[in-house]
There are 2 protein chains.
Amino acid sequence: MRWWGWGEDGHAVPLSPAAEDLLRDELGADPSVRKPPVAFETVSMPEPNLPDAVRERLATALGAEGLRDDRETRAAHAVGRSYPDLVRIRSGDASSAPDAVALPGSAELVAAVLGLCAQHRVAVVPFGGGTSVVGGVEPVREGFAGAVSLDLGRVSEAVDVDRTSLTARVDAGLLGPELERRLREQGVTLGHFPQSFEYSTVGGWVATRSAGQASTGYGRIDELVEAVRCVTPAGELGTKAVPASAAGPSLRELVVGSEGVLGVICEVTLRVRPAPAARRYEAWSFASFAEGCDGFRVLEQAGAAADVNRLSDDDETRLTMALGSSGSTTEKLGRRYLRMRGHEGGCLAILGFEGSEEQVEDRRREAAALLRAGGGVSLGHRPGDAWYRSRFAAPYLRDELLERGVLVDTLETATSWANLGKLHEAVREALSGALAGRGTQPLVMCHVSHLYPSGASLYFTFLARQEDDALAQWEAAKTAASEAIVAGGGTITHHHAIGRDHRRWLAAEDGELGIEVLRAAKQRLDPAGVMNPGKLLPDRAD
Amino acid sequence: MRWWGWGEDGHAVPLSPAAEDLLRDELGADPSVRKPPVAFETVSMPEPNLPDAVRERLATALGAEGLRDDRETRAAHAVGRSYPDLVRIRSGDASSAPDAVALPGSAELVAAVLGLCAQHRVAVVPFGGGTSVVGGVEPVREGFAGAVSLDLGRVSEAVDVDRTSLTARVDAGLLGPELERRLREQGVTLGHFPQSFEYSTVGGWVATRSAGQASTGYGRIDELVEAVRCVTPAGELGTKAVPASAAGPSLRELVVGSEGVLGVICEVTLRVRPAPAARRYEAWSFASFAEGCDGFRVLEQAGAAADVNRLSDDDETRLTMALGSSGSTTEKLGRRYLRMRGHEGGCLAILGFEGSEEQVEDRRREAAALLRAGGGVSLGHRPGDAWYRSRFAAPYLRDELLERGVLVDTLETATSWANLGKLHEAVREALSGALAGRGTQPLVMCHVSHLYPSGASLYFTFLARQEDDALAQWEAAKTAASEAIVAGGGTITHHHAIGRDHRRWLAAEDGELGIEVLRAAKQRLDPAGVMNPGKLLPDRAD
């Protein structure tokens, strides 16, 4: 991962002239602005300052390859990949860099690292792929004798597939592509494809209750976890790999989503499926967002939803069309057809079906009948294919927008079907109001992307011309949106997790007493309080 | 509920002559034996002994109808409905009767009862329908100033259906039939039908992670709970009703399955479905249990399982046939057909499909093709209808067997498909060995009844001639089976919960550290330790 942004060189998504026009016309952004990251040599970070005893004992336990404190490694573990993270790191601020990065090669060595750090009150930040967009992997040092980033990169060997039971016991440090490659070798897939897929890990997915683009079909990660093995400072917490149980409260569900504050997830038993032989992505159009939501609801409640289901609102549809416009004849004909059907300015939907050839065709047919009955118009497979090809590209585009001095961020929630339209409107207004109120006219757009029988997720993207104080501007928009979500009956996060950025709103999910229960669990597992401080749990008022 | 057994008068299931022969031939039971319950007047229980201050303040808070300590009410709350419970209560032993039964009419009054009891160190036993088969509702008095059974019978008003989102917010004290009646009025169903359905409550299902007969189709209760409201001595723990969330560990999953040791579940938001218009139950036969298990696995992993799926092993099939034999010509013809197909002594499967007429037919067709490919032979709808009619009758039959001096109990587990056959054999051998070793030749039978992509449940029924020391005999069998389950990689309970009877084996599920985490949560929510003592959590070694 490049220290200042997403992924690797060679994948840049340059802005088209149409996109430049749009930034100028709608945001008032100056197309000539360039705000590149500083040169790496000028990035500032404190000198590594781990207590000597800890440093020596870690080096002995982990070996030369297992403990690093060079500038490159520390910078790569200083922040995650949220908008404020990138604003800071691009400006050369790596003040949050850990004192060292530990790379234990086994659960036993993870336990050794935790034991040492707890003993010496050194903060430990579990680190998978480092793609958190909520401040989940940024070391916090205050009150500690130092901070170590514990990188799971070397706990990434085992992929034991039980082909009969369709489960796989895997090491938590495996990156998405390597996991899928190993699973496909045995004819199965996990089907978990978050946008971060190429750079995020199994352990990270589980620790953050991740959802992937195809999770409506394959299930959220919390539905795919059969068992976990979590190493804590107080010992190992392991749950039994059984398909279901009535043996009391679910400890698995306490570890899933624990974001490193209880311990380090080292191994996970996952539910896998036969790898799909066929895949078909296609587009539909609805006259309005409300009509599209209703179509999706009917689809999902009939058990006929696709694996991927996305419905863009008017503004996201308009932007997608504008940026994707190639002026081709096919496209023009398509637009004329939609206009005739009264769909101009309508809402674009993408549906993706995976499975055997026969399953895909059967499911497409069933879904198509329901979508048509709900007012949907088929746009064929081209826009679907285009979406599929670029499904992991958005973070690269974000880097390009930052380079142009544009604020761009996303946030998500979920609520009941009955409340979906109202919450969509409330969050849009909150974001628009907060940004327009500062004199930076925004673009706010949204899509529905995960369907449940009782409701769906809303995923917002917002853009504005970046202010000089980029962090204050972002903070204002983020706070307004979060307050609107909580007041409007949504969850503060559908799949990005709590991290540092959502802590203030955890009480709206769990109540003060619920948070106290989580603190009691943490106290038992991490009595020294060294596990990922400053994340998930709000600071105590006292 | 009759004080000495199941349900109400008028539903007795008398033993057929064929059944009497079978008990004599296979168990060595004497058909002339009768062991009726003692007369109610001779049932012994301690005098109610609640501290005066508590009694007076409870009476003031709850009113005359809200606090009872007559013999009938106390006896009805002395035990659950497990085999050892019934052995004791039939013999006149109600020594575990609570000092009083509190019937608060609201969550606020539940909180008042908990506050008073915590203050005076009076044990509180949350009580729904009292149908626990693991000792979950038996008051424990030792170390407390008294014991109150907190009956949710009056928290049973609200059923608020959101037809758009297919959810229902309901009071926890509602009994199964009343809940379903109220839901059907609005065109929806929960689809949750445990064998105890007629006498168990929503709150009880949630507190014990219940599974119903149709849970393969409709989902276990833990999959149907969108949100809970739990009143604890430390305050109220409520979770947000959203379809999905990434906001940290799931507190809902800490409350689900908490068996009253953390607090009292007063309200639940449930996921419901459109009520089915059609229902079709039918039978199939497989040449062997292994072949049937494989057929069920293929069905489930193809997403083609029925809503109800039951597969009896050889002994259960034999017994079902023997007891159901009417000697009719149709049946004889059916047997001849099976014999010709090499299925004599095969295994009986029941499949139940629910939904619209079209859905039922489509699903039946898909399932039939897969079952036939796996060696299954269709037996038509008659045995399916017969099973459906008698699906809640087994507890009445148990009363009849107790009357005849026969030990009869059930226990269940779940494991992976790869391990299913091995675990089936191990538990059978453990039960047979333990009972035969005492000179009481047993009948041990089993069925698969809940399917998951990664595995299935095994539900064992065992019978033997009752020894004089019936409890010691039961304890020996239960212990042997539980040890075999735990050693064989199964969960100690698939849907009966932990209660008092499975506490010893909780460490095999959660580990000692996991239990410590649960204790930490309890300590925070119930610092006085008055909530359902002696259940779920093992006593500390110290």
# chains A, B, ... in the order shown; residues from 1 in each chain; ligands from 1
call {"tool": "residues_around", "arguments": {"residues": "segment 377-392 of chain A", "least_positions_apart": "2", "cutoff": "7 Å", "atoms": "only C-alpha atoms", "output": "MDAnalysis selection string"}}
result
chainID A and resid 195:196 281:286 350 372 375 394
call {"tool": "closest_atom_pairs", "arguments": {"of": "chain B", "to": "chain A", "cutoff": "7 Å", "atoms": "only C-alpha atoms", "output": "Markdown table"}}
result
| residue | atom | partner | partner_atom | distance |
| --- | --- | --- | --- | --- |
| B:Thr164 | CA | A:Ala418 | CA | 5.7 |
| B:Ser165 | CA | A:Ser454 | CA | 4.5 |
| B:Leu166 | CA | A:Ser454 | CA | 5.7 |
| B:Thr167 | CA | A:Ser454 | CA | 6.5 |
| B:Thr208 | CA | A:Ala246 | CA | 6.4 |
| B:Arg209 | CA | A:Ala246 | CA | 5.0 |
| B:Ser210 | CA | A:Ala246 | CA | 6.9 |
| B:Leu237 | CA | A:Gly514 | CA | 6.1 |
| B:Gly238 | CA | A:Asp510 | CA | 6.7 |
| B:Thr239 | CA | A:Asp510 | CA | 5.7 |
| B:Lys240 | CA | A:Glu509 | CA | 5.7 |
| B:Val242 | CA | A:Thr415 | CA | 5.2 |
| B:Pro243 | CA | A:Gly455 | CA | 5.5 |
| B:Ala244 | CA | A:His494 | CA | 6.4 |
| B:Ser245 | CA | A:His494 | CA | 4.5 |
| B:Ala246 | CA | A:Ala497 | CA | 4.8 |
| B:Ala247 | CA | A:Ala497 | CA | 5.4 |
| B:Gly248 | CA | A:Gly257 | CA | 4.4 |
| B:Pro249 | CA | A:Leu254 | CA | 4.6 |
| B:Ser250 | CA | A:Glu253 | CA | 5.6 |
| B:Glu253 | CA | A:Ser250 | CA | 5.6 |
| B:Leu254 | CA | A:Pro249 | CA | 4.6 |
| B:Val255 | CA | A:Pro249 | CA | 6.4 |
| B:Val256 | CA | A:Pro249 | CA | 5.9 |
| B:Gly257 | CA | A:Gly248 | CA | 4.4 |
| B:Ser258 | CA | A:Pro249 | CA | 5.4 |
| B:Arg271 | CA | A:Ser454 | CA | 7.0 |
| B:Ala414 | CA | A:Val242 | CA | 6.5 |
| B:Thr415 | CA | A:Val242 | CA | 5.1 |
| B:Ser416 | CA | A:Ser165 | CA | 5.8 |
| B:Trp417 | CA | A:Ser165 | CA | 5.1 |
| B:Ala418 | CA | A:Thr164 | CA | 5.7 |
| B:Tyr452 | CA | A:Pro243 | CA | 6.3 |
| B:Pro453 | CA | A:Ser165 | CA | 6.9 |
| B:Ser454 | CA | A:Ser165 | CA | 4.5 |
| B:Gly455 | CA | A:Pro243 | CA | 5.5 |
| B:Ala456 | CA | A:Pro243 | CA | 6.9 |
| B:Gly490 | CA | A:Val242 | CA | 6.8 |
| B:Thr491 | CA | A:Ser245 | CA | 6.2 |
| B:Ile492 | CA | A:Ala247 | CA | 6.9 |
| B:Thr493 | CA | A:Ala246 | CA | 5.5 |
| B:His494 | CA | A:Ser245 | CA | 4.4 |
| B:His495 | CA | A:Ala246 | CA | 4.9 |
| B:His496 | CA | A:Ala246 | CA | 6.5 |
| B:Ala497 | CA | A:Ala246 | CA | 4.9 |
| B:Ile498 | CA | A:Ala247 | CA | 5.6 |
| B:Glu509 | CA | A:Lys240 | CA | 5.7 |
| B:Asp510 | CA | A:Thr239 | CA | 5.7 |
| B:Gly511 | CA | A:Gly238 | CA | 7.0 |
| B:Leu513 | CA | A:Leu237 | CA | 6.4 |
| B:Gly514 | CA | A:Leu237 | CA | 6.1 |
| B:Val517 | CA | A:Ala521 | CA | 5.4 |
| B:Ala520 | CA | A:Ala520 | CA | 5.7 |
| B:Ala521 | CA | A:Val517 | CA | 5.4 |
| B:Arg524 | CA | A:Val517 | CA | 6.3 |
| B:Leu536 | CA | A:Gly248 | CA | 6.8 |
call {"tool": "residues_around", "arguments": {"residues": "segment 145-153 of chain B", "least_positions_apart": "4", "cutoff": "9 Å", "atoms": "only C-alpha atoms", "output": "VMD selection string"}}
result
chain B and resid 48 to 51 74 77 to 78 97 to 106 110 113 117 120 to 129 137 to 141 172 to 175 201 203 264 266 530
call {"tool": "atom_distance", "arguments": {"atom1": "atom CA of Phe462 of chain B", "atom2": "atom CA of Ala19 of chain B"}}
result
14.9 Å
call {"tool": "select_by_dssp", "arguments": {"residues": "segment 325-515 of chain A", "states": "strand (DSSP E)", "output": "ChimeraX atom specification"}}
result
/A:347-355,377-380,406-416,443-448,451-452,455-465
call {"tool": "atom_distance", "arguments": {"atom1": "atom CA of Glu467 of chain B", "atom2": "atom CA of Tyr396 of chain B"}}
result
21.3 Å
call {"tool": "select_by_dssp", "arguments": {"residues": "segment 397-519 of chain B", "states": "alpha helix (DSSP H)", "output": "PyMOL selection string"}}
result
chain B and resi 397-403+420-436+470-487+507-519
call {"tool": "closest_residue", "arguments": {"among": "B:Glu267, B:Glu108, B:Glu316, B:Asp501", "to": "Asp160 of chain B", "atoms": "only C-alpha atoms"}}
result
B:Glu267
